[in-house]
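Novice: Sharing data_17.txt here; it has compact mmCIF, C-alpha atoms.
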```
# COMPACT_ATOMS: atom_id res chain seq x y z
CA THR A 129 132.83 205.68 184.04
CA VAL A 130 135.56 203.38 182.72
CA PHE A 131 134.74 201.04 179.86
CA ILE A 132 137.08 198.25 178.74
CA LEU A 133 136.81 195.04 176.73
CA VAL A 134 138.16 192.00 178.55
CA ALA A 135 139.05 188.49 177.31
CA LEU A 136 137.83 188.61 173.74
CA MET A 137 137.79 184.98 172.57
CA GLY A 138 139.76 183.93 169.49
CA SER A 139 141.78 185.70 166.83
CA GLY A 140 138.88 186.76 164.61
CA THR A 141 136.79 188.10 167.48
CA SER A 142 139.78 189.90 168.99
CA VAL A 143 140.77 191.60 165.73
CA ALA A 144 137.17 192.68 165.08
CA GLY A 145 136.75 193.98 168.63
CA ILE A 146 140.05 195.87 168.60
CA ASN A 147 139.21 197.49 165.26
CA VAL A 148 136.04 198.87 166.82
CA ALA A 149 137.36 199.70 170.29
CA THR A 150 140.75 201.30 169.75
CA PRO A 151 139.65 204.20 167.49
CA LEU A 152 137.36 205.14 170.38
CA GLY A 153 140.18 204.91 172.91
CA VAL A 154 138.64 201.87 174.61
CA PRO A 155 141.32 199.58 176.12
CA VAL A 156 141.26 195.87 175.29
CA VAL A 157 142.67 193.67 178.06
CA GLY A 158 143.74 190.03 177.81
CA PRO A 159 142.55 188.89 174.36
CA MET A 160 142.39 185.10 174.41
CA THR A 161 144.55 184.61 171.34
CA GLY A 162 148.25 184.44 170.57
CA THR A 163 147.98 185.93 167.08
CA ALA A 164 150.86 188.16 166.04
CA VAL A 165 148.43 190.56 164.36
CA ILE A 166 147.58 192.28 167.65
CA ARG A 167 151.20 192.28 168.85
CA THR A 168 152.99 193.96 165.96
CA ALA A 169 152.71 197.05 163.80
CA PHE A 170 149.67 195.95 161.82
CA TRP A 171 147.61 198.71 163.42
CA ASN A 172 147.37 202.36 162.42
CA ARG A 173 147.47 203.47 166.03
CA CYS A 174 150.70 201.68 166.98
CA ASP A 175 153.41 203.81 168.54
CA PRO A 176 156.86 204.07 166.86
CA ASP A 177 157.99 200.86 168.60
CA GLY A 178 155.16 198.88 167.01
CA ILE A 179 153.15 198.58 170.21
CA GLN A 180 149.38 198.91 170.17
CA PRO A 181 148.84 201.32 173.11
CA ASP A 182 145.28 200.29 173.91
CA VAL A 183 145.81 196.50 173.83
CA ILE A 184 147.18 194.81 176.95
CA ASN A 185 148.22 191.24 176.17
CA ILE A 186 148.50 188.81 179.08
CA ARG A 187 149.12 185.47 177.42
CA ALA A 188 152.21 184.62 175.36
CA GLY A 189 151.97 184.93 171.59
CA TYR A 190 152.01 182.07 169.10
CA ASN A 191 155.47 183.23 167.99
CA ASP A 192 156.72 182.86 171.56
CA GLU A 193 155.34 179.33 171.68
CA ALA A 194 156.96 178.44 168.33
CA LEU A 195 160.39 179.61 169.47
CA ALA A 196 160.03 177.79 172.81
CA VAL A 197 159.24 174.57 170.93
CA LEU A 198 162.18 175.03 168.57
CA ARG A 199 164.51 175.67 171.51
CA MET A 200 163.29 172.50 173.23
CA LEU A 201 163.76 170.37 170.11
CA ILE A 202 167.29 171.63 169.46
CA GLU A 203 168.70 172.26 172.94
CA GLN A 204 167.02 169.49 174.95
CA LYS A 205 166.38 166.75 172.41
CA TYR A 206 169.35 167.63 170.17
CA PHE A 207 167.28 167.19 167.02
CA LYS A 208 168.73 168.34 163.72
CA ARG A 209 166.01 167.20 161.31
CA ILE A 210 162.87 169.27 161.85
CA ALA A 211 159.90 169.84 159.54
CA MET A 212 157.04 172.33 159.80
CA ILE A 213 153.47 172.51 158.54
CA TYR A 214 151.51 175.71 159.05
CA GLN A 215 148.16 177.23 158.26
CA TYR A 216 148.53 179.83 155.54
CA ASP A 217 147.05 182.89 157.24
CA SER A 218 147.78 185.40 160.01
CA PHE A 219 147.74 182.52 162.49
CA GLY A 220 150.44 180.37 160.90
CA ILE A 221 152.58 182.61 158.69
CA PRO A 222 154.19 184.77 161.42
CA SER A 223 155.16 181.67 163.41
CA LYS A 224 156.60 180.04 160.29
CA ASP A 225 158.64 183.17 159.68
CA VAL A 226 160.20 183.21 163.16
CA VAL A 227 161.02 179.47 163.04
CA VAL A 228 162.66 179.77 159.61
CA ALA A 229 164.62 182.86 160.68
CA ALA A 230 165.81 181.23 163.91
CA MET A 231 166.96 178.12 162.09
CA GLU A 232 168.76 180.14 159.43
CA TYR A 233 170.55 182.04 162.21
CA MET A 234 171.80 178.69 163.54
CA GLY A 235 172.81 177.48 160.09
CA MET A 236 169.94 175.00 159.90
CA SER A 237 166.98 174.50 157.59
CA LEU A 238 163.70 172.61 157.75
CA THR A 239 163.59 169.17 156.15
CA THR A 240 160.12 169.98 154.86
CA LEU A 241 158.11 173.20 154.93
CA ASP A 242 154.50 172.90 153.81
CA SER A 243 151.25 174.78 154.33
CA TYR A 244 147.53 174.45 153.84
CA VAL A 245 144.55 176.78 153.56
CA LYS A 246 141.92 176.32 156.25
CA ALA A 247 139.02 176.55 153.80
CA ASN A 248 140.49 173.60 151.86
CA ILE A 249 140.67 171.19 154.81
CA PRO A 250 137.87 168.90 153.52
CA SER A 251 139.57 168.43 150.12
CA ILE A 252 143.27 168.18 151.06
CA ASN A 253 145.21 165.15 149.86
CA TYR A 254 146.53 164.13 153.28
CA THR A 255 148.34 161.07 151.99
CA GLN A 256 150.36 163.20 149.57
CA MET A 257 151.26 165.72 152.28
CA ALA A 258 152.20 162.94 154.72
CA LEU A 259 154.48 161.26 152.19
CA LYS A 260 156.21 164.58 151.50
CA VAL A 261 157.02 164.92 155.20
CA ILE A 262 158.06 161.27 155.55
CA ARG A 263 160.55 161.61 152.68
CA GLY A 264 162.37 164.27 154.69
CA ASN A 265 162.81 161.78 157.57
CA PRO A 266 162.22 164.37 160.31
CA GLN A 267 162.82 163.74 163.98
CA ALA A 268 160.12 166.30 164.76
CA VAL A 269 157.35 168.19 162.99
CA ILE A 270 156.24 171.61 164.25
CA MET A 271 152.51 171.85 163.52
CA TYR A 272 150.87 175.26 163.40
CA ALA A 273 147.57 173.66 162.45
CA VAL A 274 144.05 173.29 163.76
CA SER A 275 142.69 169.89 164.78
CA GLY A 276 140.52 169.67 161.66
CA PHE A 277 143.75 169.39 159.66
CA ALA A 278 145.95 167.70 162.24
CA ASN A 279 143.74 164.68 162.91
CA PRO A 280 143.49 163.41 159.30
CA PHE A 281 147.10 164.37 158.61
CA LEU A 282 148.44 162.34 161.53
CA THR A 283 146.23 159.40 160.57
CA ALA A 284 147.68 159.51 157.05
CA PHE A 285 151.23 159.92 158.39
CA TYR A 286 151.05 156.78 160.49
CA ALA A 287 149.13 154.85 157.83
CA GLN A 288 151.88 155.61 155.30
CA GLY A 289 154.58 154.25 157.58
CA GLY A 290 155.66 157.44 159.29
CA ALA A 291 157.86 156.71 162.29
CA THR A 292 155.96 156.57 165.58
CA SER A 293 159.10 158.02 167.18
CA THR A 294 158.58 161.28 165.26
CA VAL A 295 157.72 164.10 167.67
CA PHE A 296 154.78 166.30 166.69
CA THR A 297 154.37 169.62 168.47
CA PHE A 298 151.24 171.75 168.66
CA GLY A 299 150.49 175.02 170.38
CA SER A 300 148.15 175.93 173.19
CA TRP A 301 145.08 176.24 170.96
CA ILE A 302 144.90 172.43 170.55
CA GLY A 303 144.64 171.28 174.16
CA ASP A 304 144.36 167.48 174.48
CA GLU A 305 142.10 167.02 171.45
CA VAL A 306 144.69 165.59 169.04
CA ARG A 307 146.16 163.22 171.62
CA VAL A 308 142.69 161.88 172.43
CA TYR A 309 141.90 161.45 168.73
CA ILE A 310 145.12 159.54 168.02
CA ARG A 311 144.77 157.30 171.07
CA ALA A 312 141.20 156.42 170.04
CA ARG A 313 142.54 155.17 166.71
CA GLY A 314 145.06 152.84 168.27
CA TYR A 315 148.18 155.00 167.97
CA ASP A 316 150.46 155.96 170.84
CA PRO A 317 150.19 159.71 171.54
CA THR A 318 153.36 159.81 173.69
CA ASN A 319 155.28 161.81 171.08
CA ILE A 320 152.56 164.40 170.53
CA TYR A 321 153.43 167.52 172.52
CA THR A 322 151.42 170.66 173.15
CA THR A 323 152.74 173.92 174.53
CA GLN A 324 150.75 175.71 177.20
CA VAL A 325 150.67 179.29 178.44
CA VAL A 326 148.75 178.58 181.66
CA PRO A 327 149.25 176.20 184.60
CA HIS A 328 147.70 172.76 184.16
CA PRO A 329 144.09 172.97 185.44
CA ARG A 330 144.62 169.91 187.65
CA SER A 331 147.84 171.18 189.19
CA ASN A 332 148.11 170.64 192.94
CA THR A 333 150.78 173.31 193.40
CA SER A 334 149.24 176.29 191.60
CA THR A 335 146.88 178.60 193.50
CA LEU A 336 145.67 179.95 190.17
CA ALA A 337 144.71 176.43 189.02
CA ALA A 338 142.91 175.75 192.31
CA ASN A 339 140.91 178.98 191.98
CA TYR A 340 140.11 178.10 188.37
CA ARG A 341 138.76 174.68 189.37
CA ALA A 342 136.67 176.21 192.14
CA ALA A 343 135.15 178.78 189.77
CA PHE A 344 134.56 176.07 187.17
CA ASP A 345 132.73 173.89 189.70
CA THR A 346 130.62 176.84 190.80
CA TYR A 347 129.57 178.14 187.41
CA MET A 348 129.92 175.17 185.03
CA GLY A 349 128.66 172.32 187.19
CA LEU A 350 130.02 168.85 186.47
CA MET A 351 131.96 169.70 183.32
CA ASN A 352 135.68 168.89 183.44
CA ALA A 353 138.05 171.84 183.53
CA SER A 354 140.54 171.65 180.67
CA LEU A 355 143.42 173.52 179.10
CA VAL A 356 141.08 175.13 176.57
```
What does the file become when written as structure tokens?

Specialist:
Amino acid sequence: TVFILVALMGSGTSVAGINVATPLGVPVVGPMTGTAVIRTAFWNRCDPDGIQPDVINIRAGYNDEALAVLRMLIEQKYFKRIAMIYQYDSFGIPSKDVVVAAMEYMGMSLTTLDSYVKANIPSINYTQMALKVIRGNPQAVIMYAVSGFANPFLTAFYAQGGATSTVFTFGSWIGDEVRVYIRARGYDPTNIYTTQVVPHPRSNTSTLAANYRAAFDTYMGLMNASLV
């Protein structure tokens, strides 16, 4: 008998499941999270190279997404003024660290670097945070934030006169939610980008996407397949 855990959903669930499974030698395959915690030497059972032997990651990590975004902003858009806001926990801190290190290597620095604590989302002064970013006059803002923070922050940013040409980038955990929210409030979401680690579900050229839609139709009925 072979027993494995497959597709644990989310960072918290994945970490909890791995903590239970790996001491028993149970492999964990394809956790549905990009957290750096399960990709680096945070675990007692990592080998000397910092690899967790019983965890097989399929999707890219959040750090990979952050560096891909930074590369796009600098090498394709030729931006020099970049800000970053991140969630102060194991989700946001590692990605902040790789962005800061990469920019330092290139002799660059962020115009603004700010963070928030997820538990404080209801009481954050979004106007104050938005004005801090606006003063740095960024061409782009890398957002390692959940939608509960991003939606009111973007509303405050635009309300305080933030440039609509400013590019905001989010990772794969957001999907289309922020763009839909901003459009519903009368703002143009053209400059809101999200990275993705899977083919678009409505792709006409990807066999994987076609199989996904077929399975979705079979098991989920009339719900629309989405990136999340």

Novice: Which residue out of A:Thr255, A:Ser300, A:Asn185, A:Thr322 has the minimum interatomic distance to A:Pro155 when only C-alpha atoms are used?

Specialist: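 Checking each candidate against A:Pro155, we get A:Asn185 as the closest.
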
Novice: For A:Pro266, work out the shell of residues within 8 Å, counting all atoms listed in the file and skipping chain neighbours fewer than 4 positions away, then give it as a PyMOL selection string.

Specialist: chain A and resi 209-211+239+261-262+294

Novice: Could you pull the residues within 8 Å of A:Ser275, counting only C-alpha atoms, minus those fewer than 2 positions along the same chain, as a list in words?

Specialist: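 In the requested form, the answer reads Ala273, Phe277, Ala278, Asn279, Ile302, Glu305 and Val306 of chain A.
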
Novice: Measuring between only C-alpha atoms, which one of A:Phe131, A:Trp301, A:Leu259, A:Ile252 shows the shortest distance to A:Leu152?

Specialist: A:Phe131

Novice: Excluding A:Ala149 and any residue of its chain fewer than 5 positions from it, enumerate the residues within 12 Å of it, using all atoms listed in the file, and give them as a PyMOL selection string.

Specialist: chain A and resi 131-134+136+141-144+154-157+173+181-183

Novice: Report, in Å to a single decimal, how far apart atom CA of A:Arg307 and atom CA of A:Leu195 are.

Specialist: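 Between these atoms lies a distance of 21.8 Å.
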
Novice: Please provide the set of residues having any atom within 7 Å of A:Ala194, restricted to only C-alpha atoms, with same-chain residues fewer than 3 positions apart removed, written as a list of chain:residue names.

Specialist: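 Close residues of A:Ala194: A:Tyr190, A:Asn191, A:Val197, A:Leu198, A:Ser223, A:Val227.
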
Novice: Smallest atom-to-atom distance to A:Gly299: which of A:Thr163, A:Gln324, A:Thr283, A:Ser334, using only C-alpha atoms?

Specialist: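 Residue with the minimum atom-to-atom distance to A:Gly299: A:Gln324.
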
Novice: Write out as a list in words the residues lying within 8 Å of A:Thr161, counting all atoms listed in the file and excluding same-chain residues fewer than 6 positions away.

Specialist: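 Neighbouring residues, sequence-local ones excluded: Met137, Gly138, Ser139, Ser142, Arg187 and Gly189 of chain A.
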
Novice: Can you tell me how far atom CA of A:Ala312 sits from atom CA of A:Lys205, in Å to one decimal?

Specialist: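 Between atom CA of A:Ala312 and atom CA of A:Lys205 the gap works out to 27.3 Å.
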
Novice: Here is a test: counting only C-alpha atoms, which residue of A:Asp316, A:Glu232, A:Asp304, A:Asp225 is nearest to A:Met212?

Specialist: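 Counting only C-alpha atoms, the residue closest to A:Met212 is A:Asp225.
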
Novice: Please determine, counting all atoms listed in the file, which residue among A:Met348, A:Ile270, A:Asn147, A:Ala247 has the shortest atom-to-atom distance to A:Val228.

Specialist: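 Checking each of A:Met348, A:Ile270, A:Asn147, A:Ala247 against A:Val228, counting all atoms listed in the file, the winner is A:Ile270.
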
Novice: Restricting the calculation to only C-alpha atoms, which member of A:Ala258, A:Ala342, A:Ala268, A:Ile249 is positioned closest to A:Leu282?

Specialist: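 Among the listed residues, the smallest separation from A:Leu282 belongs to A:Ala258.
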
Novice: So the first atom is atom CA of A:Tyr309 and the second is atom CA of A:Ile213; what is the distance between them in Å, to one decimal place?

Specialist: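 Distance between the two atoms: 19.0 Å.
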